[in-house]
Amino acid sequence: MVTDPIADYLTRIRNAQMANHRIVEIPASNLKKRITEILYDKGYILKYKFEEDKKQGLIKIALKYDATTKLPVIQSLERVSRPGLRTYAKPNEFKRVKNGLGVAIVSTSKGVMTDKEAKAQNVGGEVLCNIY
């Protein structure tokens, strides 16, 4: 049993990149699926596939690496809000990730989105993680 599924999701991606794996499999949930879609839209992963099985399903993520340096595109994945210390922010309180180069993923009342989208829609929420 995992107490923090989002931290487990981020750690699996981080570990797979450190081991230079091309594909990582993660147990699925609706929140993880939405985070995966955001990672794909922002260009941090190559592609993804949702597979259904008899249990909760799987997310298969093809990791993206730089063609010349062979380094992972995702340099940093960090969990902000965690079960022991939730972190919430209003639209004008979102902190810039790596001086605007990174993305913060926020869980709002209108769904999971990036900090820039939440600011544009003027909704606050729980800051899940920062990606650079």
# chains A, B, ... in the order shown; residues from 1 in each chain; ligands from 1

call {"tool": "residues_around", "arguments": {"residues": "segment 76-79 of chain A", "least_positions_apart": "5", "cutoff": "7 Å", "atoms": "only C-alpha atoms", "output": "ChimeraX atom specification"}}
result
/A:7,10,128-132

call {"tool": "residues_around", "arguments": {"residues": "Leu101 of chain A", "least_positions_apart": "2", "cutoff": "12 Å", "atoms": "only C-alpha atoms", "output": "ChimeraX atom specification"}}
result
/A:42,74-76,95-99,103-104,116,130-132

call {"tool": "write_last_selection", "arguments": {"atoms": "all heavy atoms", "output": "CSV table (one decimal), in the first residue's frame"}}
result
chain,number,residue,atom,x,y,z
A,42,LYS,N,3.4,19.5,-22.4
A,42,LYS,CA,4.5,20.4,-22.2
A,42,LYS,C,5.9,19.9,-22.7
A,42,LYS,O,6.9,20.6,-22.6
A,42,LYS,CB,4.7,20.7,-20.7
A,42,LYS,CG,3.5,21.4,-20.1
A,42,LYS,CD,3.2,22.7,-20.7
A,42,LYS,CE,2.0,23.4,-20.3
A,42,LYS,NZ,1.6,24.6,-21.0
A,74,ILE,N,13.6,15.9,-18.4
A,74,ILE,CA,13.1,16.3,-17.1
A,74,ILE,C,14.4,16.3,-16.2
A,74,ILE,O,15.0,15.3,-15.9
A,74,ILE,CB,12.1,15.3,-16.5
A,74,ILE,CG1,10.8,15.3,-17.4
A,74,ILE,CG2,11.7,15.8,-15.1
A,74,ILE,CD1,9.8,14.2,-17.0
A,75,GLN,N,14.8,17.5,-15.8
A,75,GLN,CA,15.9,17.7,-14.9
A,75,GLN,C,15.6,17.6,-13.4
A,75,GLN,O,16.4,17.1,-12.6
A,75,GLN,CB,16.6,19.0,-15.2
A,75,GLN,CG,17.2,19.1,-16.6
A,75,GLN,CD,17.8,20.4,-16.9
A,75,GLN,OE1,17.9,21.3,-16.0
A,75,GLN,NE2,18.2,20.7,-18.1
A,76,SER,N,14.3,18.0,-13.1
A,76,SER,CA,13.9,18.0,-11.7
A,76,SER,C,12.4,17.7,-11.6
A,76,SER,O,11.6,18.3,-12.3
A,76,SER,CB,14.2,19.4,-11.1
A,76,SER,OG,13.6,19.5,-9.9
A,95,LYS,N,4.3,30.5,-7.3
A,95,LYS,CA,5.7,30.9,-7.4
A,95,LYS,C,6.2,30.3,-8.8
A,95,LYS,O,5.8,29.3,-9.2
A,95,LYS,CB,6.5,30.2,-6.3
A,95,LYS,CG,6.2,30.8,-4.9
A,95,LYS,CD,7.0,30.1,-3.9
A,95,LYS,CE,6.5,30.7,-2.5
A,95,LYS,NZ,7.0,29.9,-1.4
A,96,ARG,N,7.1,31.1,-9.4
A,96,ARG,CA,7.6,30.7,-10.7
A,96,ARG,C,8.6,29.6,-10.5
A,96,ARG,O,9.4,29.6,-9.6
A,96,ARG,CB,8.3,31.9,-11.4
A,96,ARG,CG,7.2,32.9,-11.8
A,96,ARG,CD,7.8,34.2,-12.4
A,96,ARG,NE,9.1,34.1,-13.0
A,96,ARG,CZ,9.6,35.1,-13.7
A,96,ARG,NH1,8.9,36.2,-13.9
A,96,ARG,NH2,10.8,35.0,-14.2
A,97,VAL,N,8.6,28.6,-11.4
A,97,VAL,CA,9.5,27.4,-11.3
A,97,VAL,C,10.6,27.7,-12.2
A,97,VAL,O,10.5,27.9,-13.4
A,97,VAL,CB,8.7,26.1,-11.7
A,97,VAL,CG1,9.6,24.9,-11.6
A,97,VAL,CG2,7.5,25.9,-10.8
A,98,LYS,N,11.8,27.7,-11.6
A,98,LYS,CA,13.1,28.0,-12.4
A,98,LYS,C,12.9,29.2,-13.3
A,98,LYS,O,13.2,29.2,-14.5
A,98,LYS,CB,13.4,26.8,-13.3
A,98,LYS,CG,13.9,25.6,-12.5
A,98,LYS,CD,15.3,25.8,-11.9
A,98,LYS,CE,15.7,24.6,-11.2
A,98,LYS,NZ,17.0,24.7,-10.6
A,99,ASN,N,12.5,30.3,-12.6
A,99,ASN,CA,12.4,31.6,-13.3
A,99,ASN,C,11.4,31.6,-14.5
A,99,ASN,O,11.7,32.2,-15.5
A,99,ASN,CB,13.7,32.1,-13.6
A,99,ASN,CG,13.8,33.7,-13.7
A,99,ASN,OD1,12.9,34.3,-13.1
A,99,ASN,ND2,14.8,34.2,-14.3
A,103,VAL,N,7.4,24.1,-14.8
A,103,VAL,CA,5.9,24.1,-14.7
A,103,VAL,C,5.5,23.6,-13.3
A,103,VAL,O,6.1,22.6,-12.8
A,103,VAL,CB,5.3,23.1,-15.7
A,103,VAL,CG1,3.8,22.9,-15.6
A,103,VAL,CG2,5.6,23.6,-17.1
A,104,ALA,N,4.5,24.2,-12.7
A,104,ALA,CA,4.0,23.7,-11.5
A,104,ALA,C,2.6,23.0,-11.8
A,104,ALA,O,1.8,23.6,-12.6
A,104,ALA,CB,3.8,24.8,-10.4
A,116,LYS,N,0.2,28.2,-14.9
A,116,LYS,CA,-0.2,29.2,-15.8
A,116,LYS,C,-1.6,29.2,-16.3
A,116,LYS,O,-2.3,30.2,-16.4
A,116,LYS,CB,0.7,29.2,-17.1
A,116,LYS,CG,2.2,29.5,-16.7
A,116,LYS,CD,3.1,29.3,-17.9
A,116,LYS,CE,4.5,29.6,-17.6
A,116,LYS,NZ,5.2,28.5,-17.0
A,130,ASN,N,6.5,20.4,-8.8
A,130,ASN,CA,7.2,21.3,-9.7
A,130,ASN,C,8.0,20.4,-10.7
A,130,ASN,O,8.6,19.5,-10.2
A,130,ASN,CB,8.1,22.2,-9.0
A,130,ASN,CG,7.3,23.3,-8.2
A,130,ASN,OD1,6.2,23.6,-8.5
A,130,ASN,ND2,7.9,23.8,-7.1
A,131,ILE,N,8.0,20.8,-11.9
A,131,ILE,CA,8.8,20.1,-12.9
A,131,ILE,C,9.7,21.1,-13.7
A,131,ILE,O,9.2,22.1,-14.1
A,131,ILE,CB,7.9,19.3,-13.9
A,131,ILE,CG1,7.0,18.4,-13.2
A,131,ILE,CG2,8.6,18.6,-15.0
A,131,ILE,CD1,5.8,18.0,-13.9
A,132,TYR,N,10.9,20.7,-13.9
A,132,TYR,CA,11.8,21.5,-14.7
A,132,TYR,C,12.7,20.6,-15.5
A,132,TYR,O,13.2,19.6,-15.1
A,132,TYR,CB,12.7,22.3,-13.7
A,132,TYR,CG,13.8,23.1,-14.5
A,132,TYR,CD1,13.5,24.1,-15.4
A,132,TYR,CD2,15.1,22.7,-14.3
A,132,TYR,CE1,14.5,24.7,-16.1
A,132,TYR,CE2,16.1,23.3,-15.0
A,132,TYR,CZ,15.8,24.4,-15.9
A,132,TYR,OH,16.8,25.0,-16.6

call {"tool": "select_by_dssp", "arguments": {"residues": "segment 43-96 of chain A", "states": "strand (DSSP E)", "output": "number ranges by chain"}}
result
A: 45-51, 58-63, 77-79, 88-89

call {"tool": "residues_around", "arguments": {"residues": "segment 60-64 of chain A", "least_positions_apart": "4", "cutoff": "10 Å", "atoms": "only C-alpha atoms", "output": "ChimeraX atom specification"}}
result
/A:13,16-17,20-28,36,40,43-51,70-74

call {"tool": "closest_residue", "arguments": {"among": "A:Val127, A:Val80, A:Leu85, A:Met1", "to": "Val106 of chain A", "atoms": "only C-alpha atoms"}}
result
A:Val127

call {"tool": "closest_residue", "arguments": {"among": "A:Thr69, A:Pro83, A:Gly125, A:Leu39", "to": "Gly102 of chain A", "atoms": "only C-alpha atoms"}}
result
A:Leu39

call {"tool": "residues_around", "arguments": {"residues": "Pro91 of chain A", "least_positions_apart": "6", "cutoff": "9 Å", "atoms": "only C-alpha atoms", "output": "ChimeraX atom specification"}}
result
/A:115-116,118-125

call {"tool": "select_by_dssp", "arguments": {"residues": "chain A", "states": "alpha helix (DSSP H)", "output": "ChimeraX atom specification"}}
result
/A:5-18,30-41,115-121

call {"tool": "write_last_selection", "arguments": {"atoms": "N, CA, C and O atoms", "output": "compact mmCIF listing (two decimals), in the first residue's frame"}}
result
# COMPACT_ATOMS: atom_id res chain seq x y z
N PRO A 5 0.51 8.35 -3.49
CA PRO A 5 0.63 7.84 -4.86
C PRO A 5 1.30 8.82 -5.83
O PRO A 5 1.98 8.39 -6.76
N ILE A 6 1.17 10.12 -5.61
CA ILE A 6 1.80 11.09 -6.51
C ILE A 6 3.32 11.08 -6.32
O ILE A 6 4.07 11.12 -7.28
N ALA A 7 3.77 10.99 -5.08
CA ALA A 7 5.21 10.90 -4.82
C ALA A 7 5.76 9.61 -5.41
O ALA A 7 6.87 9.60 -5.96
N ASP A 8 5.00 8.52 -5.33
CA ASP A 8 5.42 7.25 -5.93
C ASP A 8 5.53 7.40 -7.45
O ASP A 8 6.49 6.92 -8.05
N TYR A 9 4.58 8.07 -8.07
CA TYR A 9 4.57 8.32 -9.51
C TYR A 9 5.83 9.09 -9.91
O TYR A 9 6.54 8.70 -10.84
N LEU A 10 6.13 10.18 -9.20
CA LEU A 10 7.29 11.00 -9.52
C LEU A 10 8.59 10.23 -9.29
O LEU A 10 9.53 10.34 -10.08
N THR A 11 8.64 9.44 -8.23
CA THR A 11 9.84 8.67 -7.92
C THR A 11 10.10 7.60 -8.98
O THR A 11 11.25 7.37 -9.36
N ARG A 12 9.06 6.96 -9.47
CA ARG A 12 9.23 5.95 -10.52
C ARG A 12 9.81 6.57 -11.79
O ARG A 12 10.70 6.00 -12.43
N ILE A 13 9.33 7.75 -12.15
CA ILE A 13 9.86 8.44 -13.33
C ILE A 13 11.32 8.85 -13.09
O ILE A 13 12.19 8.64 -13.93
N ARG A 14 11.59 9.41 -11.91
CA ARG A 14 12.95 9.84 -11.56
C ARG A 14 13.94 8.67 -11.59
O ARG A 14 15.03 8.76 -12.15
N ASN A 15 13.53 7.54 -10.99
CA ASN A 15 14.40 6.36 -10.95
C ASN A 15 14.63 5.77 -12.33
O ASN A 15 15.73 5.33 -12.65
N ALA A 16 13.58 5.75 -13.17
CA ALA A 16 13.72 5.21 -14.52
C ALA A 16 14.68 6.08 -15.34
O ALA A 16 15.47 5.55 -16.13
N GLN A 17 14.63 7.38 -15.15
CA GLN A 17 15.54 8.25 -15.87
C GLN A 17 16.98 8.07 -15.41
O GLN A 17 17.91 8.09 -16.22
N MET A 18 17.18 7.89 -14.10
CA MET A 18 18.53 7.70 -13.58
C MET A 18 19.13 6.39 -14.11
O MET A 18 20.34 6.29 -14.29
N ASN A 30 -6.94 8.40 -12.03
CA ASN A 30 -7.35 9.55 -12.84
C ASN A 30 -6.41 10.73 -12.66
O ASN A 30 -6.11 11.44 -13.62
N LEU A 31 -5.94 10.96 -11.44
CA LEU A 31 -5.02 12.07 -11.17
C LEU A 31 -3.69 11.84 -11.89
O LEU A 31 -3.15 12.75 -12.53
N LYS A 32 -3.16 10.63 -11.83
CA LYS A 32 -1.89 10.31 -12.50
C LYS A 32 -2.04 10.42 -14.02
O LYS A 32 -1.12 10.85 -14.70
N LYS A 33 -3.20 10.03 -14.55
CA LYS A 33 -3.44 10.14 -15.99
C LYS A 33 -3.41 11.60 -16.42
O LYS A 33 -2.82 11.94 -17.44
N ARG A 34 -4.02 12.46 -15.63
CA ARG A 34 -4.05 13.89 -15.96
C ARG A 34 -2.65 14.51 -15.87
O ARG A 34 -2.26 15.30 -16.72
N ILE A 35 -1.86 14.11 -14.87
CA ILE A 35 -0.49 14.61 -14.74
C ILE A 35 0.33 14.15 -15.95
O ILE A 35 1.13 14.91 -16.50
N THR A 36 0.12 12.90 -16.38
CA THR A 36 0.83 12.37 -17.55
C THR A 36 0.48 13.17 -18.80
O THR A 36 1.35 13.48 -19.61
N GLU A 37 -0.79 13.52 -18.97
CA GLU A 37 -1.22 14.31 -20.12
C GLU A 37 -0.55 15.68 -20.11
O GLU A 37 -0.12 16.18 -21.16
N ILE A 38 -0.42 16.29 -18.93
CA ILE A 38 0.24 17.59 -18.82
C ILE A 38 1.72 17.46 -19.18
O ILE A 38 2.27 18.29 -19.91
N LEU A 39 2.38 16.41 -18.68
CA LEU A 39 3.79 16.19 -19.01
C LEU A 39 3.98 16.05 -20.52
O LEU A 39 4.95 16.55 -21.09
N TYR A 40 3.05 15.34 -21.17
CA TYR A 40 3.13 15.16 -22.62
C TYR A 40 2.90 16.48 -23.36
O TYR A 40 3.63 16.82 -24.28
N ASP A 41 1.88 17.23 -22.94
CA ASP A 41 1.56 18.50 -23.59
C ASP A 41 2.70 19.50 -23.48
O ASP A 41 2.94 20.29 -24.40
N ASP A 115 0.21 25.78 -13.49
CA ASP A 115 0.04 27.02 -12.76
C ASP A 115 -0.36 28.18 -13.68
O ASP A 115 -1.15 29.04 -13.31
N LYS A 116 0.16 28.17 -14.90
CA LYS A 116 -0.17 29.24 -15.85
C LYS A 116 -1.65 29.18 -16.26
O LYS A 116 -2.32 30.20 -16.38
N GLU A 117 -2.15 27.96 -16.48
CA GLU A 117 -3.57 27.79 -16.83
C GLU A 117 -4.46 28.20 -15.67
O GLU A 117 -5.50 28.83 -15.86
N ALA A 118 -4.06 27.83 -14.44
CA ALA A 118 -4.85 28.18 -13.26
C ALA A 118 -4.88 29.70 -13.07
O ALA A 118 -5.92 30.27 -12.72
N LYS A 119 -3.75 30.35 -13.32
CA LYS A 119 -3.69 31.80 -13.18
C LYS A 119 -4.57 32.47 -14.24
O LYS A 119 -5.26 33.44 -13.95
N ALA A 120 -4.59 31.92 -15.46
CA ALA A 120 -5.41 32.47 -16.54
C ALA A 120 -6.90 32.31 -16.23
O ALA A 120 -7.71 33.19 -16.55
N GLN A 121 -7.27 31.19 -15.58
CA GLN A 121 -8.67 30.97 -15.22
C GLN A 121 -9.02 31.56 -13.85
O GLN A 121 -10.16 31.44 -13.40

call {"tool": "atom_distance", "arguments": {"atom1": "atom CA of Asp66 of chain A", "atom2": "atom CA of Ile105 of chain A"}}
result
23.0 Å

call {"tool": "atom_distance", "arguments": {"atom1": "atom CA of Leu58 of chain A", "atom2": "atom CA of Val2 of chain A"}}
result
15.5 Å

call {"tool": "atom_distance", "arguments": {"atom1": "atom CA of Tyr65 of chain A", "atom2": "atom CA of Asp53 of chain A"}}
result
28.7 Å

call {"tool": "closest_residue", "arguments": {"among": "A:Glu52, A:Gly57, A:Val112, A:Ser107", "to": "Arg86 of chain A", "atoms": "only C-alpha atoms"}}
result
A:Ser107

call {"tool": "decode", "arguments": {"residues": "segment 64-99 of chain A", "atoms": "N, CA, C and O atoms", "output": "PDB file, in the first residue's frame"}}
result
ATOM      1  N   LYS A  64      11.713  10.866 -22.418  1.00  0.00           N
ATOM      2  CA  LYS A  64      12.347  11.644 -23.469  1.00  0.00           C
ATOM      3  C   LYS A  64      13.761  12.026 -23.037  1.00  0.00           C
ATOM      4  O   LYS A  64      13.958  12.502 -21.916  1.00  0.00           O
ATOM      5  N   TYR A  65      14.717  11.814 -23.935  1.00  0.00           N
ATOM      6  CA  TYR A  65      16.110  12.151 -23.675  1.00  0.00           C
ATOM      7  C   TYR A  65      16.618  13.089 -24.763  1.00  0.00           C
ATOM      8  O   TYR A  65      16.154  13.036 -25.907  1.00  0.00           O
ATOM      9  N   ASP A  66      17.591  13.936 -24.435  1.00  0.00           N
ATOM     10  CA  ASP A  66      18.220  14.830 -25.399  1.00  0.00           C
ATOM     11  C   ASP A  66      19.002  13.985 -26.415  1.00  0.00           C
ATOM     12  O   ASP A  66      19.717  13.061 -26.040  1.00  0.00           O
ATOM     13  N   ALA A  67      18.882  14.306 -27.696  1.00  0.00           N
ATOM     14  CA  ALA A  67      19.499  13.488 -28.750  1.00  0.00           C
ATOM     15  C   ALA A  67      21.025  13.568 -28.722  1.00  0.00           C
ATOM     16  O   ALA A  67      21.699  12.577 -28.990  1.00  0.00           O
ATOM     17  N   THR A  68      21.583  14.714 -28.385  1.00  0.00           N
ATOM     18  CA  THR A  68      23.042  14.854 -28.429  1.00  0.00           C
ATOM     19  C   THR A  68      23.718  14.465 -27.123  1.00  0.00           C
ATOM     20  O   THR A  68      24.708  13.745 -27.121  1.00  0.00           O
ATOM     21  N   THR A  69      23.180  14.943 -25.987  1.00  0.00           N
ATOM     22  CA  THR A  69      23.845  14.696 -24.698  1.00  0.00           C
ATOM     23  C   THR A  69      23.366  13.430 -24.011  1.00  0.00           C
ATOM     24  O   THR A  69      23.975  12.998 -23.045  1.00  0.00           O
ATOM     25  N   LYS A  70      22.256  12.849 -24.466  1.00  0.00           N
ATOM     26  CA  LYS A  70      21.653  11.644 -23.870  1.00  0.00           C
ATOM     27  C   LYS A  70      21.183  11.862 -22.432  1.00  0.00           C
ATOM     28  O   LYS A  70      20.990  10.917 -21.693  1.00  0.00           O
ATOM     29  N   LEU A  71      21.011  13.120 -22.034  1.00  0.00           N
ATOM     30  CA  LEU A  71      20.493  13.432 -20.700  1.00  0.00           C
ATOM     31  C   LEU A  71      18.974  13.499 -20.743  1.00  0.00           C
ATOM     32  O   LEU A  71      18.393  13.870 -21.768  1.00  0.00           O
ATOM     33  N   PRO A  72      18.290  13.169 -19.631  1.00  0.00           N
ATOM     34  CA  PRO A  72      16.830  13.250 -19.618  1.00  0.00           C
ATOM     35  C   PRO A  72      16.342  14.684 -19.785  1.00  0.00           C
ATOM     36  O   PRO A  72      16.999  15.624 -19.337  1.00  0.00           O
ATOM     37  N   VAL A  73      15.200  14.844 -20.435  1.00  0.00           N
ATOM     38  CA  VAL A  73      14.606  16.172 -20.619  1.00  0.00           C
ATOM     39  C   VAL A  73      14.147  16.722 -19.260  1.00  0.00           C
ATOM     40  O   VAL A  73      14.320  17.902 -18.982  1.00  0.00           O
ATOM     41  N   ILE A  74      13.577  15.852 -18.425  1.00  0.00           N
ATOM     42  CA  ILE A  74      13.143  16.275 -17.086  1.00  0.00           C
ATOM     43  C   ILE A  74      14.374  16.316 -16.185  1.00  0.00           C
ATOM     44  O   ILE A  74      14.963  15.284 -15.879  1.00  0.00           O
ATOM     45  N   GLN A  75      14.760  17.508 -15.782  1.00  0.00           N
ATOM     46  CA  GLN A  75      15.934  17.659 -14.922  1.00  0.00           C
ATOM     47  C   GLN A  75      15.558  17.558 -13.449  1.00  0.00           C
ATOM     48  O   GLN A  75      16.365  17.130 -12.629  1.00  0.00           O
ATOM     49  N   SER A  76      14.345  17.989 -13.121  1.00  0.00           N
ATOM     50  CA  SER A  76      13.937  18.003 -11.713  1.00  0.00           C
ATOM     51  C   SER A  76      12.441  17.707 -11.600  1.00  0.00           C
ATOM     52  O   SER A  76      11.631  18.306 -12.300  1.00  0.00           O
ATOM     53  N   LEU A  77      12.101  16.781 -10.721  1.00  0.00           N
ATOM     54  CA  LEU A  77      10.704  16.468 -10.373  1.00  0.00           C
ATOM     55  C   LEU A  77      10.621  16.532  -8.858  1.00  0.00           C
ATOM     56  O   LEU A  77      11.250  15.723  -8.181  1.00  0.00           O
ATOM     57  N   GLU A  78       9.896  17.468  -8.325  1.00  0.00           N
ATOM     58  CA  GLU A  78       9.808  17.549  -6.864  1.00  0.00           C
ATOM     59  C   GLU A  78       8.367  17.707  -6.400  1.00  0.00           C
ATOM     60  O   GLU A  78       7.585  18.440  -6.983  1.00  0.00           O
ATOM     61  N   ARG A  79       8.032  16.996  -5.377  1.00  0.00           N
ATOM     62  CA  ARG A  79       6.703  17.038  -4.767  1.00  0.00           C
ATOM     63  C   ARG A  79       6.638  18.259  -3.878  1.00  0.00           C
ATOM     64  O   ARG A  79       7.525  18.491  -3.054  1.00  0.00           O
ATOM     65  N   VAL A  80       5.615  19.074  -4.007  1.00  0.00           N
ATOM     66  CA  VAL A  80       5.463  20.279  -3.182  1.00  0.00           C
ATOM     67  C   VAL A  80       4.518  19.991  -2.029  1.00  0.00           C
ATOM     68  O   VAL A  80       4.904  20.039  -0.870  1.00  0.00           O
ATOM     69  N   SER A  81       3.259  19.698  -2.348  1.00  0.00           N
ATOM     70  CA  SER A  81       2.266  19.399  -1.320  1.00  0.00           C
ATOM     71  C   SER A  81       2.314  17.908  -1.029  1.00  0.00           C
ATOM     72  O   SER A  81       2.323  17.092  -1.938  1.00  0.00           O
ATOM     73  N   ARG A  82       2.375  17.561   0.230  1.00  0.00           N
ATOM     74  CA  ARG A  82       2.423  16.148   0.596  1.00  0.00           C
ATOM     75  C   ARG A  82       1.383  15.872   1.670  1.00  0.00           C
ATOM     76  O   ARG A  82       0.828  16.812   2.240  1.00  0.00           O
ATOM     77  N   PRO A  83       1.096  14.602   1.961  1.00  0.00           N
ATOM     78  CA  PRO A  83       0.024  14.307   2.912  1.00  0.00           C
ATOM     79  C   PRO A  83       0.233  14.936   4.298  1.00  0.00           C
ATOM     80  O   PRO A  83      -0.720  15.328   4.954  1.00  0.00           O
ATOM     81  N   GLY A  84       1.470  15.061   4.732  1.00  0.00           N
ATOM     82  CA  GLY A  84       1.726  15.636   6.056  1.00  0.00           C
ATOM     83  C   GLY A  84       1.701  17.145   6.084  1.00  0.00           C
ATOM     84  O   GLY A  84       1.521  17.749   7.140  1.00  0.00           O
ATOM     85  N   LEU A  85       1.881  17.786   4.923  1.00  0.00           N
ATOM     86  CA  LEU A  85       1.909  19.239   4.847  1.00  0.00           C
ATOM     87  C   LEU A  85       1.374  19.679   3.493  1.00  0.00           C
ATOM     88  O   LEU A  85       2.106  19.772   2.520  1.00  0.00           O
ATOM     89  N   ARG A  86       0.083  19.923   3.441  1.00  0.00           N
ATOM     90  CA  ARG A  86      -0.542  20.349   2.200  1.00  0.00           C
ATOM     91  C   ARG A  86      -0.154  21.799   1.907  1.00  0.00           C
ATOM     92  O   ARG A  86      -0.055  22.614   2.817  1.00  0.00           O
ATOM     93  N   THR A  87       0.049  22.100   0.620  1.00  0.00           N
ATOM     94  CA  THR A  87       0.425  23.445   0.207  1.00  0.00           C
ATOM     95  C   THR A  87      -0.604  23.956  -0.789  1.00  0.00           C
ATOM     96  O   THR A  87      -0.778  23.367  -1.859  1.00  0.00           O
ATOM     97  N   TYR A  88      -1.274  25.036  -0.422  1.00  0.00           N
ATOM     98  CA  TYR A  88      -2.292  25.652  -1.268  1.00  0.00           C
ATOM     99  C   TYR A  88      -1.836  27.042  -1.671  1.00  0.00           C
ATOM    100  O   TYR A  88      -1.089  27.698  -0.939  1.00  0.00           O
ATOM    101  N   ALA A  89      -2.296  27.500  -2.831  1.00  0.00           N
ATOM    102  CA  ALA A  89      -1.930  28.834  -3.299  1.00  0.00           C
ATOM    103  C   ALA A  89      -3.087  29.453  -4.067  1.00  0.00           C
ATOM    104  O   ALA A  89      -3.843  28.753  -4.746  1.00  0.00           O
ATOM    105  N   LYS A  90      -3.211  30.769  -3.932  1.00  0.00           N
ATOM    106  CA  LYS A  90      -4.172  31.532  -4.723  1.00  0.00           C
ATOM    107  C   LYS A  90      -3.526  31.850  -6.068  1.00  0.00           C
ATOM    108  O   LYS A  90      -2.311  31.717  -6.220  1.00  0.00           O
ATOM    109  N   PRO A  91      -4.315  32.278  -7.059  1.00  0.00           N
ATOM    110  CA  PRO A  91      -3.739  32.526  -8.394  1.00  0.00           C
ATOM    111  C   PRO A  91      -2.573  33.520  -8.388  1.00  0.00           C
ATOM    112  O   PRO A  91      -1.619  33.365  -9.141  1.00  0.00           O
ATOM    113  N   ASN A  92      -2.629  34.536  -7.549  1.00  0.00           N
ATOM    114  CA  ASN A  92      -1.544  35.526  -7.530  1.00  0.00           C
ATOM    115  C   ASN A  92      -0.375  35.101  -6.639  1.00  0.00           C
ATOM    116  O   ASN A  92       0.623  35.804  -6.561  1.00  0.00           O
ATOM    117  N   GLU A  93      -0.467  33.943  -5.974  1.00  0.00           N
ATOM    118  CA  GLU A  93       0.583  33.466  -5.081  1.00  0.00           C
ATOM    119  C   GLU A  93       1.437  32.354  -5.694  1.00  0.00           C
ATOM    120  O   GLU A  93       2.351  31.866  -5.036  1.00  0.00           O
ATOM    121  N   PHE A  94       1.139  31.955  -6.928  1.00  0.00           N
ATOM    122  CA  PHE A  94       1.925  30.887  -7.548  1.00  0.00           C
ATOM    123  C   PHE A  94       3.359  31.351  -7.736  1.00  0.00           C
ATOM    124  O   PHE A  94       3.612  32.420  -8.289  1.00  0.00           O
ATOM    125  N   LYS A  95       4.301  30.525  -7.277  1.00  0.00           N
ATOM    126  CA  LYS A  95       5.712  30.850  -7.425  1.00  0.00           C
ATOM    127  C   LYS A  95       6.194  30.337  -8.776  1.00  0.00           C
ATOM    128  O   LYS A  95       5.801  29.260  -9.228  1.00  0.00           O
ATOM    129  N   ARG A  96       7.075  31.108  -9.411  1.00  0.00           N
ATOM    130  CA  ARG A  96       7.627  30.693 -10.704  1.00  0.00           C
ATOM    131  C   ARG A  96       8.621  29.564 -10.491  1.00  0.00           C
ATOM    132  O   ARG A  96       9.426  29.603  -9.570  1.00  0.00           O
ATOM    133  N   VAL A  97       8.553  28.562 -11.352  1.00  0.00           N
ATOM    134  CA  VAL A  97       9.454  27.410 -11.267  1.00  0.00           C
ATOM    135  C   VAL A  97      10.638  27.685 -12.190  1.00  0.00           C
ATOM    136  O   VAL A  97      10.456  27.877 -13.387  1.00  0.00           O
ATOM    137  N   LYS A  98      11.827  27.702 -11.639  1.00  0.00           N
ATOM    138  CA  LYS A  98      13.069  27.956 -12.395  1.00  0.00           C
ATOM    139  C   LYS A  98      12.929  29.210 -13.255  1.00  0.00           C
ATOM    140  O   LYS A  98      13.191  29.197 -14.456  1.00  0.00           O
ATOM    141  N   ASN A  99      12.497  30.279 -12.621  1.00  0.00           N
ATOM    142  CA  ASN A  99      12.367  31.589 -13.262  1.00  0.00           C
ATOM    143  C   ASN A  99      11.445  31.557 -14.488  1.00  0.00           C
ATOM    144  O   ASN A  99      11.679  32.225 -15.484  1.00  0.00           O
TER     145      ASN A  99
END
